[in-house]
Amino acid sequence: MRVGHGYDVHRLVENRKLIIGGVEIPYEKGLLGHSDADVLLHAVSDALLGAAALGDIGLLFPDNDPDFEGADSLVLLKKVCNYVRDNGFEIVNIDATVLAQKPKLRPYIDKMRERISEACSLSVSSVSVKATTEEGLGFTGKGEGIAAHAVCFIN
């Protein structure tokens with residue numbers, strides 16, 4: 001049995017789409033990054049890779065590689081899951097939390113769970129996504145960025 005933890009953060013900027021958990025969310029700003037900057041899927045990917053001791057998302061998909069510029073993080077997550085399975089592991093469950101003052105994410109959580117479960121070939125009941133604000137504290141609380149934590153269980 002193995003447990004993995006992933007963390008990611010991206011800055012909020014204008015003129016970018018906001019994509020979290022594979023879901024495009026209407027908002028005045030989006031996350032800045034080499035790929036689509038899906039902070040939630042990056043944290044989930046790192047949790048899975050960490051649990052299997054297979055490095056991290058930056059090792060598999062470097063941010064200086066033009067092949068991954070604008071990449072769909074759902075596609076990357078699917079590749080991560082296949083890589084974890086190809087190395088002899090079974091993914092049991094995923095639990096993640098997004099830290100964002102705005103926008104409110106509750107209306108999108110169920111769709112995020114569906115997208116993650118599909119990419120990972122898991123039942124939706126094996127994927128948990130939560131969202132919280134930080135009561136105006138820190139960079140997420142001030143609306144400067146969005147962060148995500150994820151843990152997973154593999155065996």
# chains A, B, ... in the order shown; residues from 1 in each chain; ligands from 1
call {"tool": "residues_around", "arguments": {"residues": "Arg11 (chain A)", "least_positions_apart": "6", "cutoff": "7 Å", "atoms": "only C-alpha atoms", "output": "VMD selection string"}}
result
chain A and resid 31 to 32 144 to 146
call {"tool": "write_last_selection", "arguments": {"atoms": "N, CA and C atoms", "output": "compact mmCIF listing (two decimals), in the first residue's frame"}}
result
# COMPACT_ATOMS: atom_id res chain seq x y z
N LEU A 31 -5.59 30.64 -15.28
CA LEU A 31 -4.31 30.27 -14.67
C LEU A 31 -3.19 30.29 -15.69
N LEU A 32 -2.06 30.85 -15.29
CA LEU A 32 -0.90 30.99 -16.16
C LEU A 32 -0.03 29.74 -16.04
N GLU A 144 -4.72 36.18 -6.07
CA GLU A 144 -3.55 36.24 -6.94
C GLU A 144 -3.28 34.91 -7.65
N GLY A 145 -3.78 33.83 -7.08
CA GLY A 145 -3.54 32.52 -7.65
C GLY A 145 -4.48 31.49 -7.06
N ILE A 146 -4.36 30.27 -7.56
CA ILE A 146 -5.15 29.14 -7.08
C ILE A 146 -4.19 27.99 -6.82
call {"tool": "residues_around", "arguments": {"residues": "Ala119 (chain A)", "least_positions_apart": "4", "cutoff": "7 Å", "atoms": "only C-alpha atoms", "output": "PyMOL selection string"}}
result
chain A and resi 74+77-78+115
call {"tool": "residues_around", "arguments": {"residues": "region 96-99 of chain A", "least_positions_apart": "3", "cutoff": "7 Å", "atoms": "only C-alpha atoms", "output": "mmCIF file with N, CA, C and O atoms, in the first residue's frame"}}
result
data_model
loop_
_atom_site.group_PDB
_atom_site.id
_atom_site.type_symbol
_atom_site.label_atom_id
_atom_site.label_comp_id
_atom_site.auth_asym_id
_atom_site.auth_seq_id
_atom_site.Cartn_x
_atom_site.Cartn_y
_atom_site.Cartn_z
ATOM 1 N N LEU A 40 -5.518 21.592 -10.394
ATOM 2 C CA LEU A 40 -6.051 20.403 -9.736
ATOM 3 C C LEU A 40 -5.493 19.130 -10.366
ATOM 4 O O LEU A 40 -5.024 18.226 -9.669
ATOM 5 N N SER A 128 -12.662 12.167 -4.895
ATOM 6 C CA SER A 128 -13.238 13.247 -4.099
ATOM 7 C C SER A 128 -12.558 14.561 -4.470
ATOM 8 O O SER A 128 -11.332 14.615 -4.588
ATOM 9 N N VAL A 129 -13.352 15.608 -4.682
ATOM 10 C CA VAL A 129 -12.830 16.948 -4.927
ATOM 11 C C VAL A 129 -13.584 17.900 -4.009
ATOM 12 O O VAL A 129 -14.815 17.852 -3.930
ATOM 13 N N LYS A 130 -12.823 18.727 -3.332
ATOM 14 C CA LYS A 130 -13.403 19.733 -2.450
ATOM 15 C C LYS A 130 -12.797 21.088 -2.797
ATOM 16 O O LYS A 130 -11.751 21.142 -3.431
ATOM 17 N N ALA A 131 -13.443 22.144 -2.380
ATOM 18 C CA ALA A 131 -12.906 23.484 -2.590
ATOM 19 C C ALA A 131 -13.080 24.280 -1.310
ATOM 20 O O ALA A 131 -14.046 24.088 -0.575
ATOM 21 N N THR A 132 -12.120 25.145 -1.065
ATOM 22 C CA THR A 132 -12.191 26.000 0.117
ATOM 23 C C THR A 132 -11.576 27.353 -0.202
ATOM 24 O O THR A 132 -10.763 27.475 -1.118
ATOM 25 N N THR A 133 -12.004 28.367 0.527
ATOM 26 C CA THR A 133 -11.363 29.675 0.442
ATOM 27 C C THR A 133 -10.327 29.729 1.557
ATOM 28 O O THR A 133 -10.243 28.825 2.378
ATOM 29 N N GLU A 134 -9.560 30.789 1.565
ATOM 30 C CA GLU A 134 -8.612 30.966 2.670
ATOM 31 C C GLU A 134 -8.908 32.257 3.431
ATOM 32 O O GLU A 134 -8.005 32.916 3.936
ATOM 33 N N THR A 140 -3.760 33.034 -2.330
ATOM 34 C CA THR A 140 -5.047 32.525 -2.825
ATOM 35 C C THR A 140 -6.181 33.380 -2.288
ATOM 36 O O THR A 140 -7.128 33.689 -3.013
ATOM 37 N N ILE A 146 -4.362 30.267 -7.561
ATOM 38 C CA ILE A 146 -5.152 29.140 -7.077
ATOM 39 C C ILE A 146 -4.194 27.990 -6.823
ATOM 40 O O ILE A 146 -3.242 27.780 -7.588
ATOM 41 N N ALA A 147 -4.420 27.262 -5.751
ATOM 42 C CA ALA A 147 -3.576 26.122 -5.390
ATOM 43 C C ALA A 147 -4.448 24.882 -5.234
ATOM 44 O O ALA A 147 -5.670 24.977 -5.095
ATOM 45 N N ALA A 148 -3.805 23.739 -5.251
ATOM 46 C CA ALA A 148 -4.520 22.478 -5.038
ATOM 47 C C ALA A 148 -3.603 21.473 -4.362
ATOM 48 O O ALA A 148 -2.398 21.428 -4.630
ATOM 49 N N HIS A 149 -4.194 20.688 -3.471
ATOM 50 C CA HIS A 149 -3.532 19.552 -2.829
ATOM 51 C C HIS A 149 -4.288 18.300 -3.247
ATOM 52 O O HIS A 149 -5.508 18.320 -3.389
ATOM 53 N N ALA A 150 -3.560 17.208 -3.394
ATOM 54 C CA ALA A 150 -4.206 15.926 -3.688
ATOM 55 C C ALA A 150 -3.449 14.817 -2.977
ATOM 56 O O ALA A 150 -2.231 14.869 -2.837
ATOM 57 N N VAL A 151 -4.197 13.839 -2.524
ATOM 58 C CA VAL A 151 -3.611 12.616 -1.996
ATOM 59 C C VAL A 151 -4.259 11.452 -2.727
ATOM 60 O O VAL A 151 -5.383 11.549 -3.228
#
call {"tool": "closest_residue", "arguments": {"among": "A:Val13, A:Leu54, A:Val39, A:His5", "to": "Asn87 (chain A)", "atoms": "only C-alpha atoms"}}
result
A:Leu54
call {"tool": "closest_atom_pairs", "arguments": {"of": "region 17-128 of chain A", "to": "region 7-10 of chain A", "cutoff": "12 Å", "atoms": "only C-alpha atoms", "output": "JSON lines"}}
result
{"residue": "A:Leu18", "atom": "CA", "partner": "A:His10", "partner_atom": "CA", "distance": 10.8}
{"residue": "A:Ile19", "atom": "CA", "partner": "A:His10", "partner_atom": "CA", "distance": 11.3}
{"residue": "A:Ile20", "atom": "CA", "partner": "A:His10", "partner_atom": "CA", "distance": 11.0}
{"residue": "A:Lys29", "atom": "CA", "partner": "A:His10", "partner_atom": "CA", "distance": 11.7}
{"residue": "A:Gly30", "atom": "CA", "partner": "A:His10", "partner_atom": "CA", "distance": 9.2}
{"residue": "A:Leu31", "atom": "CA", "partner": "A:His10", "partner_atom": "CA", "distance": 5.7}
{"residue": "A:Leu32", "atom": "CA", "partner": "A:His10", "partner_atom": "CA", "distance": 6.0}
{"residue": "A:Gly33", "atom": "CA", "partner": "A:His10", "partner_atom": "CA", "distance": 6.9}
{"residue": "A:His34", "atom": "CA", "partner": "A:His10", "partner_atom": "CA", "distance": 10.4}
{"residue": "A:Ser35", "atom": "CA", "partner": "A:His10", "partner_atom": "CA", "distance": 11.1}
{"residue": "A:Asp36", "atom": "CA", "partner": "A:His10", "partner_atom": "CA", "distance": 10.5}
{"residue": "A:Ala37", "atom": "CA", "partner": "A:His10", "partner_atom": "CA", "distance": 6.8}
{"residue": "A:Asp38", "atom": "CA", "partner": "A:His10", "partner_atom": "CA", "distance": 8.3}
{"residue": "A:Val39", "atom": "CA", "partner": "A:Asp8", "partner_atom": "CA", "distance": 5.6}
{"residue": "A:Leu40", "atom": "CA", "partner": "A:Asp8", "partner_atom": "CA", "distance": 7.3}
{"residue": "A:Leu41", "atom": "CA", "partner": "A:Asp8", "partner_atom": "CA", "distance": 8.9}
{"residue": "A:His42", "atom": "CA", "partner": "A:Asp8", "partner_atom": "CA", "distance": 6.3}
{"residue": "A:Ala43", "atom": "CA", "partner": "A:Tyr7", "partner_atom": "CA", "distance": 4.7}
{"residue": "A:Val44", "atom": "CA", "partner": "A:Tyr7", "partner_atom": "CA", "distance": 7.9}
{"residue": "A:Ser45", "atom": "CA", "partner": "A:Tyr7", "partner_atom": "CA", "distance": 9.3}
{"residue": "A:Asp46", "atom": "CA", "partner": "A:Tyr7", "partner_atom": "CA", "distance": 7.1}
{"residue": "A:Ala47", "atom": "CA", "partner": "A:Tyr7", "partner_atom": "CA", "distance": 7.7}
{"residue": "A:Leu48", "atom": "CA", "partner": "A:Tyr7", "partner_atom": "CA", "distance": 11.3}
{"residue": "A:Leu49", "atom": "CA", "partner": "A:Tyr7", "partner_atom": "CA", "distance": 11.9}
{"residue": "A:Gly50", "atom": "CA", "partner": "A:Tyr7", "partner_atom": "CA", "distance": 10.8}
{"residue": "A:Asp56", "atom": "CA", "partner": "A:Tyr7", "partner_atom": "CA", "distance": 10.5}
{"residue": "A:Ile57", "atom": "CA", "partner": "A:Asp8", "partner_atom": "CA", "distance": 10.2}
{"residue": "A:Gly58", "atom": "CA", "partner": "A:Asp8", "partner_atom": "CA", "distance": 11.1}
{"residue": "A:Ala96", "atom": "CA", "partner": "A:Tyr7", "partner_atom": "CA", "distance": 9.5}
{"residue": "A:Thr97", "atom": "CA", "partner": "A:Tyr7", "partner_atom": "CA", "distance": 9.7}
{"residue": "A:Val98", "atom": "CA", "partner": "A:Asp8", "partner_atom": "CA", "distance": 9.6}
{"residue": "A:Leu99", "atom": "CA", "partner": "A:Val9", "partner_atom": "CA", "distance": 9.2}
{"residue": "A:Ala100", "atom": "CA", "partner": "A:Val9", "partner_atom": "CA", "distance": 10.4}
call {"tool": "atom_distance", "arguments": {"atom1": "CA of Phe153 (chain A)", "atom2": "CA of Met1 (chain A)"}}
result
7.2 Å
call {"tool": "residues_around", "arguments": {"residues": "Val84 (chain A)", "least_positions_apart": "4", "cutoff": "7 Å", "atoms": "only C-alpha atoms", "output": "PyMOL selection string"}}
result
chain A and resi 49+52+80+88-89
call {"tool": "write_last_selection", "arguments": {"atoms": "N, CA and C atoms", "output": "PDB file, in the first residue's frame"}}
result
ATOM      1  N   LEU A  49       2.122   9.994  -9.183  1.00  0.00           N
ATOM      2  CA  LEU A  49       3.520   9.719  -9.486  1.00  0.00           C
ATOM      3  C   LEU A  49       4.337   9.563  -8.205  1.00  0.00           C
ATOM      4  N   ALA A  52       3.890   6.173  -6.495  1.00  0.00           N
ATOM      5  CA  ALA A  52       4.599   5.100  -7.200  1.00  0.00           C
ATOM      6  C   ALA A  52       6.109   5.346  -7.264  1.00  0.00           C
ATOM      7  N   VAL A  80      -0.354   9.738 -17.118  1.00  0.00           N
ATOM      8  CA  VAL A  80       0.201   9.453 -15.794  1.00  0.00           C
ATOM      9  C   VAL A  80      -0.415   8.177 -15.234  1.00  0.00           C
ATOM     10  N   GLY A  88       3.020  -1.484 -12.516  1.00  0.00           N
ATOM     11  CA  GLY A  88       2.534  -2.526 -11.623  1.00  0.00           C
ATOM     12  C   GLY A  88       1.629  -2.097 -10.487  1.00  0.00           C
ATOM     13  N   PHE A  89       1.125  -0.889 -10.537  1.00  0.00           N
ATOM     14  CA  PHE A  89       0.283  -0.394  -9.453  1.00  0.00           C
ATOM     15  C   PHE A  89      -1.181  -0.280  -9.870  1.00  0.00           C
TER      16      PHE A  89
END
call {"tool": "atom_distance", "arguments": {"atom1": "CA of Ile154 (chain A)", "atom2": "CA of Val3 (chain A)"}}
result
6.4 Å
call {"tool": "closest_residue", "arguments": {"among": "A:Gln101, A:Lys79, A:Lys17, A:Asn93", "to": "Leu137 (chain A)", "atoms": "only C-alpha atoms"}}
result
A:Gln101
call {"tool": "select_by_dssp", "arguments": {"residues": "region 2-127 of chain A", "states": "strand (DSSP E)", "output": "PyMOL selection string"}}
result
chain A and resi 2-13+18-20+23-25+30-31+91-99+127
call {"tool": "select_by_dssp", "arguments": {"residues": "region 16-134 of chain A", "states": "helix (DSSP H, G or I)", "output": "PyMOL selection string"}}
result
chain A and resi 39-51+57-60+66-68+73-86+106-120+124-126
